[in-house]
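**Student:** Got a file for you: upload_35.pdb, PDB, C-alpha atoms.
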ATOM      1  CA  PRO A 165      61.666 -34.043  18.750
ATOM      2  CA  ALA A 166      62.174 -37.539  20.131
ATOM      3  CA  PRO A 167      65.502 -39.133  19.192
ATOM      4  CA  ALA A 168      65.472 -41.888  16.612
ATOM      5  CA  ALA A 169      65.272 -45.338  18.181
ATOM      6  CA  GLY A 170      68.589 -46.220  16.556
ATOM      7  CA  ASN A 171      70.583 -43.920  18.835
ATOM      8  CA  LEU A 172      69.458 -45.396  22.173
ATOM      9  CA  GLY A 173      72.754 -47.275  22.366
ATOM     10  CA  SER A 174      75.053 -44.360  21.611
ATOM     11  CA  ALA A 175      73.561 -40.945  22.398
ATOM     12  CA  THR A 176      74.579 -39.372  25.714
ATOM     13  CA  THR A 177      71.369 -37.324  25.932
ATOM     14  CA  GLN A 178      67.836 -38.743  25.972
ATOM     15  CA  ASN A 179      64.646 -36.706  26.455
ATOM     16  CA  GLY A 180      61.978 -39.277  25.594
ATOM     17  CA  LEU A 181      59.626 -38.104  28.339
ATOM     18  CA  THR A 182      59.997 -34.336  28.076
ATOM     19  CA  ALA A 183      59.799 -34.566  24.263
ATOM     20  CA  GLY A 184      56.268 -35.913  24.735
ATOM     21  CA  GLY A 185      54.374 -39.034  23.818
ATOM     22  CA  CYS A 186      53.681 -41.953  26.133
ATOM     23  CA  LYS A 187      55.310 -45.342  25.632
ATOM     24  CA  ALA A 188      54.641 -48.699  27.314
ATOM     25  CA  MET A 189      57.863 -48.303  29.334
ATOM     26  CA  THR A 190      59.630 -45.158  30.521
ATOM     27  CA  VAL A 191      63.154 -45.285  31.939
ATOM     28  CA  ILE A 192      64.265 -42.349  34.089
ATOM     29  CA  PHE A 193      68.073 -42.626  34.206
ATOM     30  CA  ALA A 194      70.765 -40.721  36.111
ATOM     31  CA  ARG A 195      74.317 -40.902  34.752
ATOM     32  CA  GLY A 196      77.519 -41.311  36.741
ATOM     33  CA  THR A 197      79.898 -38.598  37.933
ATOM     34  CA  THR A 198      81.600 -36.615  35.120
ATOM     35  CA  GLU A 199      79.690 -38.447  32.345
ATOM     36  CA  GLN A 200      78.481 -36.367  29.376
ATOM     37  CA  GLY A 201      74.921 -35.432  28.381
ATOM     38  CA  ASN A 202      72.088 -36.484  30.673
ATOM     39  CA  VAL A 203      72.512 -40.283  30.433
ATOM     40  CA  GLY A 204      76.288 -40.648  29.981
ATOM     41  CA  SER A 205      77.831 -43.476  27.979
ATOM     42  CA  LEU A 206      79.286 -46.225  30.201
ATOM     43  CA  SER A 207      76.183 -48.116  31.345
ATOM     44  CA  GLY A 208      73.023 -46.228  30.317
ATOM     45  CA  PRO A 209      73.119 -46.396  26.503
ATOM     46  CA  PRO A 210      74.165 -50.085  26.299
ATOM     47  CA  TRP A 211      71.299 -50.909  28.706
ATOM     48  CA  PHE A 212      68.805 -48.824  26.698
ATOM     49  CA  ALA A 213      69.840 -50.612  23.484
ATOM     50  CA  ALA A 214      69.334 -54.019  25.142
ATOM     51  CA  MET A 215      65.951 -52.909  26.546
ATOM     52  CA  SER A 216      64.940 -51.584  23.145
ATOM     53  CA  LYS A 217      65.598 -55.051  21.695
ATOM     54  CA  ALA A 218      63.682 -56.696  24.557
ATOM     55  CA  VAL A 219      60.523 -54.537  24.506
ATOM     56  CA  GLY A 220      60.712 -52.925  21.048
ATOM     57  CA  ALA A 221      62.065 -49.424  20.412
ATOM     58  CA  GLN A 222      58.557 -48.115  19.749
ATOM     59  CA  ASN A 223      57.587 -49.118  23.318
ATOM     60  CA  LEU A 224      60.484 -47.450  25.140
ATOM     61  CA  ALA A 225      60.992 -43.856  26.242
ATOM     62  CA  VAL A 226      64.256 -42.909  27.959
ATOM     63  CA  GLN A 227      64.580 -39.692  29.945
ATOM     64  CA  GLY A 228      67.900 -38.594  31.399
ATOM     65  CA  VAL A 229      68.136 -36.550  34.591
ATOM     66  CA  ASP A 230      69.787 -33.174  34.037
ATOM     67  CA  TYR A 231      72.103 -32.596  37.013
ATOM     68  CA  PRO A 232      75.752 -31.583  37.486
ATOM     69  CA  ALA A 233      77.078 -35.150  38.137
ATOM     70  CA  ASP A 234      80.133 -33.663  39.823
ATOM     71  CA  ILE A 235      82.447 -34.984  42.520
ATOM     72  CA  PRO A 236      81.021 -32.804  45.352
ATOM     73  CA  GLY A 237      77.583 -34.259  44.576
ATOM     74  CA  PHE A 238      78.956 -37.797  44.831
ATOM     75  CA  LEU A 239      80.719 -37.034  48.101
ATOM     76  CA  ALA A 240      77.469 -35.557  49.480
ATOM     77  CA  GLY A 241      75.688 -38.859  48.836
ATOM     78  CA  GLY A 242      74.137 -37.784  45.533
ATOM     79  CA  ASP A 243      73.385 -34.320  44.179
ATOM     80  CA  LYS A 244      70.364 -32.952  46.099
ATOM     81  CA  LYS A 245      68.813 -30.983  43.214
ATOM     82  CA  GLY A 246      69.423 -33.901  40.844
ATOM     83  CA  SER A 247      67.711 -36.267  43.295
ATOM     84  CA  ALA A 248      64.693 -33.929  43.463
ATOM     85  CA  LYS A 249      64.699 -33.614  39.645
ATOM     86  CA  MET A 250      64.661 -37.402  39.281
ATOM     87  CA  ALA A 251      61.725 -37.705  41.711
ATOM     88  CA  GLN A 252      59.902 -34.981  39.757
ATOM     89  CA  LEU A 253      60.512 -36.807  36.442
ATOM     90  CA  VAL A 254      59.189 -40.097  37.886
ATOM     91  CA  MET A 255      56.031 -38.331  39.099
ATOM     92  CA  GLN A 256      55.709 -36.517  35.741
ATOM     93  CA  ALA A 257      55.926 -39.827  33.861
ATOM     94  CA  MET A 258      53.316 -41.470  36.100
ATOM     95  CA  THR A 259      50.951 -38.488  35.850
ATOM     96  CA  ALA A 260      51.327 -37.769  32.123
ATOM     97  CA  CYS A 261      51.438 -41.450  31.131
ATOM     98  CA  PRO A 262      49.407 -43.392  33.733
ATOM     99  CA  ASP A 263      49.753 -46.670  31.796
ATOM    100  CA  THR A 264      53.535 -46.553  31.368
ATOM    101  CA  ALA A 265      55.797 -48.851  33.392
ATOM    102  CA  VAL A 266      58.291 -46.498  35.056
ATOM    103  CA  VAL A 267      61.815 -47.832  35.590
ATOM    104  CA  MET A 268      64.273 -45.878  37.739
ATOM    105  CA  GLY A 269      67.881 -46.438  36.717
ATOM    106  CA  GLY A 270      71.267 -45.055  37.634
ATOM    107  CA  TYR A 271      74.993 -45.593  37.441
ATOM    108  CA  SER A 272      77.382 -44.693  40.278
ATOM    109  CA  GLN A 273      76.286 -41.254  41.579
ATOM    110  CA  GLY A 274      73.157 -41.827  39.489
ATOM    111  CA  GLY A 275      72.501 -44.796  41.786
ATOM    112  CA  GLN A 276      72.646 -42.432  44.753
ATOM    113  CA  LEU A 277      70.007 -40.346  42.955
ATOM    114  CA  VAL A 278      67.779 -43.430  42.532
ATOM    115  CA  HIS A 279      67.936 -44.063  46.296
ATOM    116  CA  ASN A 280      67.376 -40.384  47.166
ATOM    117  CA  ALA A 281      64.607 -39.810  44.604
ATOM    118  CA  ALA A 282      62.700 -42.948  45.625
ATOM    119  CA  ALA A 283      62.732 -41.721  49.235
ATOM    120  CA  MET A 284      61.209 -38.401  48.063
ATOM    121  CA  LEU A 285      58.281 -40.030  46.227
ATOM    122  CA  PRO A 286      54.865 -40.267  47.875
ATOM    123  CA  ALA A 287      54.361 -43.888  49.028
ATOM    124  CA  ASP A 288      51.632 -44.576  46.445
ATOM    125  CA  MET A 289      53.923 -43.443  43.596
ATOM    126  CA  ALA A 290      56.956 -45.354  44.901
ATOM    127  CA  ALA A 291      54.770 -48.471  44.986
ATOM    128  CA  LYS A 292      53.966 -47.959  41.287
ATOM    129  CA  VAL A 293      57.639 -47.975  40.226
ATOM    130  CA  SER A 294      57.965 -50.959  37.882
ATOM    131  CA  SER A 295      61.615 -51.579  38.834
ATOM    132  CA  ALA A 296      64.836 -49.933  39.958
ATOM    133  CA  VAL A 297      68.157 -50.883  38.346
ATOM    134  CA  ILE A 298      71.484 -49.564  39.650
ATOM    135  CA  PHE A 299      74.930 -50.171  38.188
ATOM    136  CA  GLY A 300      77.940 -49.683  40.501
ATOM    137  CA  ASP A 301      75.825 -48.608  43.480
ATOM    138  CA  PRO A 302      77.717 -46.514  46.085
ATOM    139  CA  MET A 303      74.876 -47.338  48.517
ATOM    140  CA  ASN A 304      75.159 -51.082  47.789
ATOM    141  CA  GLY A 305      73.100 -53.115  50.247
ATOM    142  CA  LYS A 306      70.736 -50.263  51.094
ATOM    143  CA  PRO A 307      67.168 -50.870  49.886
ATOM    144  CA  VAL A 308      65.537 -48.452  47.436
ATOM    145  CA  ALA A 309      62.861 -46.773  49.584
ATOM    146  CA  GLY A 310      59.313 -47.792  48.701
ATOM    147  CA  VAL A 311      60.404 -50.141  45.892
ATOM    148  CA  PRO A 312      60.154 -53.842  46.834
ATOM    149  CA  ALA A 313      63.440 -55.763  46.875
ATOM    150  CA  ALA A 314      62.016 -58.132  44.240
ATOM    151  CA  LYS A 315      61.705 -55.150  41.867
ATOM    152  CA  THR A 316      65.231 -53.876  42.565
ATOM    153  CA  LYS A 317      68.390 -55.008  40.756
ATOM    154  CA  VAL A 318      71.790 -53.773  41.903
ATOM    155  CA  ILE A 319      74.736 -54.846  39.776
ATOM    156  CA  CYS A 320      78.118 -54.518  41.466
ATOM    157  CA  HIS A 321      81.272 -56.097  40.080
ATOM    158  CA  GLN A 322      83.785 -57.886  42.240
ATOM    159  CA  GLY A 323      86.606 -55.418  42.912
ATOM    160  CA  ASP A 324      84.409 -52.316  42.432
ATOM    161  CA  LEU A 325      85.431 -50.207  45.412
ATOM    162  CA  ILE A 326      82.609 -47.699  44.765
ATOM    163  CA  CYS A 327      80.203 -50.527  45.673
ATOM    164  CA  ALA A 328      82.293 -51.090  48.799
ATOM    165  CA  GLY A 329      81.584 -47.540  49.933
ATOM    166  CA  THR A 330      84.874 -45.876  48.983
ATOM    167  CA  SER A 331      85.524 -43.121  46.438
ATOM    168  CA  THR A 332      88.217 -45.124  44.612
ATOM    169  CA  ILE A 333      87.439 -45.865  40.959
ATOM    170  CA  LEU A 334      89.086 -49.002  39.574
ATOM    171  CA  MET A 335      88.487 -50.815  36.270
ATOM    172  CA  PRO A 336      85.600 -52.987  37.589
ATOM    173  CA  HIS A 337      83.569 -49.760  38.073
ATOM    174  CA  LEU A 338      83.935 -48.848  34.392
ATOM    175  CA  THR A 339      82.744 -52.081  32.737
ATOM    176  CA  TYR A 340      78.996 -52.235  33.477
ATOM    177  CA  SER A 341      78.159 -52.119  29.758
ATOM    178  CA  GLN A 342      78.770 -55.879  29.810
ATOM    179  CA  ASN A 343      75.733 -56.232  32.102
ATOM    180  CA  ALA A 344      73.318 -54.461  29.736
ATOM    181  CA  GLY A 345      71.558 -57.657  28.658
ATOM    182  CA  GLU A 346      71.227 -58.977  32.204
ATOM    183  CA  ALA A 347      69.731 -55.660  33.337
ATOM    184  CA  ALA A 348      67.348 -55.515  30.365
ATOM    185  CA  GLN A 349      66.018 -58.994  31.140
ATOM    186  CA  PHE A 350      65.171 -57.876  34.676
TER     187      PHE A 350
END
Go through the file and emit its structure as structure tokens.

**Tutor:**
Amino acid sequence: PAPAAGNLGSATTQNGLTAGGCKAMTVIFARGTTEQGNVGSLSGPPWFAAMSKAVGAQNLAVQGVDYPADIPGFLAGGDKKGSAKMAQLVMQAMTACPDTAVVMGGYSQGGQLVHNAAAMLPADMAAKVSSAVIFGDPMNGKPVAGVPAAKTKVICHQGDLICAGTSTILMPHLTYSQNAGEAAQF
């Protein structure tokens, strides 16, 4: 069963696509390293809650990417199987729900998955991605393959060394929930 709209801002697992039913907008989201569930808690749920307010909960499906989200995956540039799973979920959303606006989103290693998954999509499907939103992007500055720059939003805080290409996590990397509204407006 689909989760109640009221838990978009708190639940660490979302299966709005695989649970069935097409919505006007479908977010495919990959959580950051070591986060719980399939969407984590630091940036995904606050963003989903803000998007739910912006487009209406009845119009929003959120699907998390099930992948290990472990440190070796981060160090490898994003878990390979998780990247493939995200690409598969994007294609599944576009095929099952041809009228849905598909948004690819990720936080930290999940941002690596957005980059990797977009590069795996056939060009015609990548062109149909409504937008890509990445919080704390380890590949900051690198375009999301096939998704126009105007449809891509990367949010990196000053002092976030993950965005600077290191593996050092400081406080600025842990506070992206404050950007939920900004990301939802995009």

**Student:** If I take atom CA of A:Ala347 and atom CA of A:Gln178, how far is one from the other in Å, to one decimal?

**Tutor:** 18.5 Å

**Student:** Kindly give the distance, in Å, that separates atom CA of A:Lys244 and atom CA of A:Ala287, rounded to a single decimal.

**Tutor:**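 Those two atoms sit 19.6 Å apart.
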
**Student:** Need the shell around A:Val203: protein/DNA/RNA residues with any atom at most 6 Å away, counting all atoms listed in the file. Skip same-chain ones fewer than 4 positions apart. Format as a PDB file with C-alpha atoms, in the frame of the given file?

**Tutor:**
ATOM      1  CA  THR A 176      74.579 -39.372  25.714  1.00  0.00           C
ATOM      2  CA  THR A 177      71.369 -37.324  25.932  1.00  0.00           C
ATOM      3  CA  ALA A 194      70.765 -40.721  36.111  1.00  0.00           C
ATOM      4  CA  ARG A 195      74.317 -40.902  34.752  1.00  0.00           C
ATOM      5  CA  GLY A 208      73.023 -46.228  30.317  1.00  0.00           C
ATOM      6  CA  GLY A 228      67.900 -38.594  31.399  1.00  0.00           C
TER       7      GLY A 228
END

**Student:** Calculate how many Å separate atom CA of A:Met268 from atom CA of A:Ala328, rounding to one decimal.

**Tutor:**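 Atom CA of A:Ala328 lies 21.8 Å from atom CA of A:Met268.
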
**Student:** Draw an axis-aligned box over all listed atoms of stretch 323-328 of chain A, pad each side with 4 Å, and write its centre and edge lengths in Å, one decimal, as JSON.

**Tutor:**
{"center_x": 83.4, "center_y": -51.6, "center_z": 45.6, "size_x": 14.4, "size_y": 15.7, "size_z": 14.4}

**Student:** Just checking: using all atoms listed in the file, which residue out of A:Gly204, A:Ala257, A:Phe238, A:Lys249 ends up closest to A:Cys186?

**Tutor:** A:Ala257

**Student:** Pick the closest to A:Ala281 from A:Val293, A:Leu181, A:Met189, A:Ala175: which is it, counting only C-alpha atoms?

**Tutor:**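 Under the stated criterion, the closest residue is A:Val293.
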
**Student:** Could you expand the PyMOL selection byres ((chain A and resi 310-325) around 6) into the explicit residues it covers here, written as a list in words?

**Tutor:**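 Applied to this file, the PyMOL selection byres ((chain A and resi 310-325) around 6) selects Ala290, Ala291, Ser295, Ala296, Val297, Ile298, Phe299, Gly300, Val308, Ala309, Ile326, Cys327, Ala328, Thr330, Thr332, Pro336 and His337 of chain A.
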
**Student:** Smallest atom-to-atom distance to A:Ala240: which of A:Thr190, A:Asn223, A:Thr259, A:Ser331, using only C-alpha atoms?

**Tutor:**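 Of the candidates, the smallest distance to A:Ala240 is held by A:Ser331.
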